[in-house]
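A.B. asks: This structure is in structure tokens; I'll ask about it shortly.
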Amino acid sequence: MKVIVAPRAAAELLVRKRWWRANRPKAPERFDEELDKALVQIAEMPESFPIFSERGGRTVRRCLLMKASCHLYFEVVPSAGEVWIVSTRGAVQRRPSRPAKR
């Protein structure tokens, strides 16, 4: 399938890529390498990735870039033979805050 990166996702990826290069000087290319590998996997087997959400007839799947700690969110459009990367987000979750002591 053809992978298309939506403008919003492209902007988000650019921010993440710039951050990575500025903050990971020992492996500046790792983000690009992991992203390229993920895009190939998504193109070849998009349905193999877990479903993140299903709403209004739209199914969004998620791909984790493990080393870059980033998720790619995408939709598969089988009739067009396309996969649209619609958003990205950091994979590191904040811990829930502790309840206040009484």
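Ordering of the structure tokens sets the chain letters (A, B, ...), residue numbers begin anew at 1 in every chain, and ligands are numbered from 1 in the order given.
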Range 16-86 of chain A near range 4-10 of chain A within 9 Å: what's each residue's closest atom pair and its distance in Å to one decimal, counting only C-alpha atoms, ordered by chain then ascending residue number, as a Markdown table?
C.D. replies:
| residue | atom | partner | partner_atom | distance |
| --- | --- | --- | --- | --- |
| A:Leu72 | CA | A:Ala9 | CA | 8.5 |
| A:Tyr73 | CA | A:Ala9 | CA | 8.8 |
| A:Phe74 | CA | A:Val5 | CA | 8.9 |
| A:Glu82 | CA | A:Ile4 | CA | 7.1 |
| A:Val83 | CA | A:Ile4 | CA | 6.1 |
| A:Trp84 | CA | A:Ile4 | CA | 4.9 |
| A:Ile85 | CA | A:Val5 | CA | 4.7 |
| A:Val86 | CA | A:Ala9 | CA | 5.4 |
A.B. asks: Just want the 8 Å neighbourhood of Leu65 in chain A, counted on only C-alpha atoms, with same-chain residues fewer than 4 positions away dropped. Output as a PDB file with N, CA, C and O atoms, in the first residue's frame.
C.D. replies:
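Now in around_12.pdb:
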ATOM      1  N   GLU A  34      14.460   4.404  12.324  1.00  0.00           N
ATOM      2  CA  GLU A  34      13.316   3.698  12.898  1.00  0.00           C
ATOM      3  C   GLU A  34      12.015   4.095  12.202  1.00  0.00           C
ATOM      4  O   GLU A  34      11.160   3.252  11.934  1.00  0.00           O
ATOM      5  N   LEU A  35      11.877   5.366  11.862  1.00  0.00           N
ATOM      6  CA  LEU A  35      10.693   5.832  11.135  1.00  0.00           C
ATOM      7  C   LEU A  35      10.603   5.163   9.767  1.00  0.00           C
ATOM      8  O   LEU A  35       9.545   4.661   9.385  1.00  0.00           O
ATOM      9  N   ALA A  38       9.506   1.572  10.127  1.00  0.00           N
ATOM     10  CA  ALA A  38       8.089   1.490  10.491  1.00  0.00           C
ATOM     11  C   ALA A  38       7.194   1.769   9.286  1.00  0.00           C
ATOM     12  O   ALA A  38       6.177   1.085   9.089  1.00  0.00           O
ATOM     13  N   SER A  69      10.546   6.386  21.163  1.00  0.00           N
ATOM     14  CA  SER A  69       9.428   6.629  22.087  1.00  0.00           C
ATOM     15  C   SER A  69       8.355   7.503  21.448  1.00  0.00           C
ATOM     16  O   SER A  69       7.979   8.553  21.960  1.00  0.00           O
ATOM     17  N   CYS A  70       7.884   7.037  20.305  1.00  0.00           N
ATOM     18  CA  CYS A  70       6.909   7.794  19.530  1.00  0.00           C
ATOM     19  C   CYS A  70       5.891   6.831  18.916  1.00  0.00           C
ATOM     20  O   CYS A  70       6.258   5.739  18.481  1.00  0.00           O
ATOM     21  N   HIS A  71       4.635   7.232  18.907  1.00  0.00           N
ATOM     22  CA  HIS A  71       3.607   6.451  18.232  1.00  0.00           C
ATOM     23  C   HIS A  71       3.224   7.136  16.925  1.00  0.00           C
ATOM     24  O   HIS A  71       3.126   8.358  16.862  1.00  0.00           O
ATOM     25  N   LEU A  72       2.991   6.326  15.903  1.00  0.00           N
ATOM     26  CA  LEU A  72       2.412   6.797  14.648  1.00  0.00           C
ATOM     27  C   LEU A  72       0.972   6.314  14.633  1.00  0.00           C
ATOM     28  O   LEU A  72       0.703   5.138  14.873  1.00  0.00           O
TER      29      LEU A  72
END
A.B. asks: So, counting only C-alpha atoms, which residue among A:Lys17, A:Glu75, A:Lys2, A:Val92 is closest to Glu54 in chain A?
C.D. replies: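 Ranked by minimum distance to Glu54 in chain A, first place goes to A:Glu75.
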A.B. asks: A:Leu39, A:Val77, A:Leu14, A:Cys63: which is nearest Ile51 in chain A, counting only C-alpha atoms?
C.D. replies: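 Nearest to Ile51 in chain A: A:Cys63.
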A.B. asks: Taking only chain A into account, list the residues labelled helix (DSSP H, G or I) by DSSP (computed from the backbone), as a ChimeraX atom specification.
C.D. replies: /A:7-23,30-44,46-48,78-80
A.B. asks: Write to file, as a short mmCIF file (atom, residue, chain, number, x, y, z; two decimals), in the first residue's frame, the residues of the selection just made, with N, CA, C and O atoms.
C.D. replies:
data_model
loop_
_atom_site.label_atom_id
_atom_site.label_comp_id
_atom_site.auth_asym_id
_atom_site.auth_seq_id
_atom_site.Cartn_x
_atom_site.Cartn_y
_atom_site.Cartn_z
N PRO A 7 -0.49 16.42 6.34
CA PRO A 7 0.28 17.62 6.71
C PRO A 7 0.50 17.78 8.22
O PRO A 7 1.59 18.12 8.66
N ARG A 8 -0.55 17.53 9.01
CA ARG A 8 -0.41 17.65 10.47
C ARG A 8 0.64 16.68 10.99
O ARG A 8 1.51 17.05 11.79
N ALA A 9 0.59 15.44 10.55
CA ALA A 9 1.55 14.44 11.00
C ALA A 9 2.96 14.79 10.52
O ALA A 9 3.94 14.58 11.25
N ALA A 10 3.07 15.33 9.31
CA ALA A 10 4.39 15.72 8.79
C ALA A 10 5.00 16.80 9.67
O ALA A 10 6.20 16.75 9.99
N ALA A 11 4.19 17.77 10.09
CA ALA A 11 4.69 18.83 10.96
C ALA A 11 5.10 18.27 12.32
O ALA A 11 6.14 18.66 12.86
N GLU A 12 4.30 17.36 12.86
CA GLU A 12 4.63 16.74 14.14
C GLU A 12 5.92 15.93 14.05
O GLU A 12 6.76 15.96 14.96
N LEU A 13 6.08 15.20 12.95
CA LEU A 13 7.30 14.40 12.77
C LEU A 13 8.53 15.30 12.65
O LEU A 13 9.60 14.96 13.15
N LEU A 14 8.38 16.42 11.98
CA LEU A 14 9.51 17.35 11.84
C LEU A 14 9.94 17.88 13.20
O LEU A 14 11.15 17.95 13.49
N VAL A 15 8.99 18.22 14.05
CA VAL A 15 9.32 18.68 15.40
C VAL A 15 10.05 17.59 16.16
O VAL A 15 11.08 17.83 16.82
N ARG A 16 9.55 16.36 16.09
CA ARG A 16 10.17 15.24 16.80
C ARG A 16 11.58 14.96 16.26
O ARG A 16 12.50 14.67 17.02
N LYS A 17 11.72 15.02 14.95
CA LYS A 17 13.02 14.79 14.33
C LYS A 17 14.03 15.84 14.77
O LYS A 17 15.16 15.51 15.12
N ARG A 18 13.63 17.10 14.79
CA ARG A 18 14.53 18.17 15.22
C ARG A 18 14.93 17.99 16.68
O ARG A 18 16.08 18.19 17.05
N TRP A 19 13.93 17.63 17.52
CA TRP A 19 14.24 17.41 18.93
C TRP A 19 15.24 16.27 19.07
O TRP A 19 16.20 16.38 19.83
N TRP A 20 14.99 15.19 18.34
CA TRP A 20 15.87 14.02 18.43
C TRP A 20 17.31 14.41 18.07
O TRP A 20 18.25 14.07 18.78
N ARG A 21 17.49 15.10 16.96
CA ARG A 21 18.83 15.46 16.51
C ARG A 21 19.53 16.39 17.51
O ARG A 21 20.74 16.30 17.70
N ALA A 22 18.77 17.27 18.15
CA ALA A 22 19.35 18.20 19.12
C ALA A 22 19.69 17.53 20.44
O ALA A 22 20.63 17.95 21.12
N ASN A 23 18.96 16.48 20.79
CA ASN A 23 19.11 15.87 22.11
C ASN A 23 19.71 14.47 22.12
O ASN A 23 19.92 13.91 23.20
N ARG A 30 19.07 7.75 14.28
CA ARG A 30 18.23 6.65 14.77
C ARG A 30 16.74 6.92 14.55
O ARG A 30 16.00 6.03 14.17
N PHE A 31 16.30 8.14 14.78
CA PHE A 31 14.89 8.46 14.59
C PHE A 31 14.47 8.20 13.14
O PHE A 31 13.48 7.54 12.88
N ASP A 32 15.25 8.72 12.20
CA ASP A 32 14.95 8.52 10.77
C ASP A 32 14.97 7.05 10.39
O ASP A 32 14.10 6.59 9.64
N GLU A 33 15.95 6.32 10.89
CA GLU A 33 16.05 4.90 10.57
C GLU A 33 14.84 4.12 11.09
O GLU A 33 14.27 3.30 10.38
N GLU A 34 14.46 4.40 12.32
CA GLU A 34 13.32 3.70 12.90
C GLU A 34 12.01 4.09 12.20
O GLU A 34 11.16 3.25 11.93
N LEU A 35 11.88 5.37 11.86
CA LEU A 35 10.69 5.83 11.14
C LEU A 35 10.60 5.16 9.77
O LEU A 35 9.54 4.66 9.38
N ASP A 36 11.70 5.13 9.04
CA ASP A 36 11.71 4.50 7.71
C ASP A 36 11.32 3.03 7.79
O ASP A 36 10.51 2.54 6.98
N LYS A 37 11.85 2.32 8.77
CA LYS A 37 11.52 0.90 8.94
C LYS A 37 10.03 0.72 9.25
O LYS A 37 9.37 -0.15 8.70
N ALA A 38 9.51 1.57 10.13
CA ALA A 38 8.09 1.49 10.49
C ALA A 38 7.19 1.77 9.29
O ALA A 38 6.18 1.08 9.09
N LEU A 39 7.56 2.74 8.47
CA LEU A 39 6.73 3.07 7.30
C LEU A 39 6.69 1.91 6.30
O LEU A 39 5.65 1.65 5.70
N VAL A 40 7.80 1.20 6.17
CA VAL A 40 7.83 0.02 5.30
C VAL A 40 6.92 -1.06 5.87
O VAL A 40 6.12 -1.67 5.15
N GLN A 41 6.99 -1.29 7.17
CA GLN A 41 6.14 -2.30 7.80
C GLN A 41 4.67 -1.94 7.69
O GLN A 41 3.82 -2.80 7.42
N ILE A 42 4.35 -0.66 7.87
CA ILE A 42 2.96 -0.21 7.75
C ILE A 42 2.48 -0.41 6.32
O ILE A 42 1.35 -0.86 6.09
N ALA A 43 3.30 -0.10 5.35
CA ALA A 43 2.92 -0.26 3.94
C ALA A 43 2.66 -1.71 3.59
O ALA A 43 1.74 -2.04 2.84
N GLU A 44 3.49 -2.60 4.14
CA GLU A 44 3.38 -4.02 3.80
C GLU A 44 2.26 -4.74 4.54
O GLU A 44 1.60 -5.61 3.97
N PRO A 46 -0.41 -3.21 7.07
CA PRO A 46 -1.04 -2.23 7.95
C PRO A 46 -2.05 -2.83 8.93
O PRO A 46 -2.21 -2.33 10.04
N GLU A 47 -2.73 -3.89 8.53
CA GLU A 47 -3.76 -4.49 9.38
C GLU A 47 -3.15 -5.27 10.56
O GLU A 47 -3.88 -5.66 11.48
N SER A 48 -1.85 -5.46 10.56
CA SER A 48 -1.21 -6.21 11.64
C SER A 48 -0.98 -5.36 12.89
O SER A 48 -0.65 -5.90 13.95
N PRO A 78 -8.41 0.81 2.23
CA PRO A 78 -8.18 -0.30 1.30
C PRO A 78 -8.65 -0.01 -0.13
O PRO A 78 -7.99 -0.41 -1.09
N SER A 79 -9.78 0.68 -0.27
CA SER A 79 -10.32 0.94 -1.61
C SER A 79 -9.38 1.79 -2.46
O SER A 79 -9.38 1.69 -3.68
N ALA A 80 -8.56 2.62 -1.82
CA ALA A 80 -7.60 3.46 -2.54
C ALA A 80 -6.20 2.86 -2.51
O ALA A 80 -5.30 3.40 -3.15
#
A.B. asks: Would you mind reading off the distance between CA of Val60 in chain A and CA of Gly81 in chain A, one decimal, in Å?
C.D. replies: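 Separation between CA of Val60 in chain A and CA of Gly81 in chain A: 15.8 Å.
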A.B. asks: Between A:Glu29, A:Ala91, A:Met1, A:Arg24, which residue has the minimum interatomic distance to Met66 in chain A, considering only C-alpha atoms?
C.D. replies: A:Ala91
A.B. asks: Hey, what does DSSP flag as strand (DSSP E or B) within chain A? Can you give it to me as a PyMOL selection string?
C.D. replies: chain A and resi 2-5+51-55+58-65+70-77+82-90
A.B. asks: May I ask for the distance between CA of Pro28 in chain A and CA of Arg61 in chain A, given in Å to one decimal place?
C.D. replies: 27.2 Å
A.B. asks: As an exercise, work out the distance from CA of Val3 in chain A to CA of Leu64 in chain A in Å and give it to one decimal place.
C.D. replies: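 Straight-line distance from CA of Val3 in chain A to CA of Leu64 in chain A works out to 16.2 Å.
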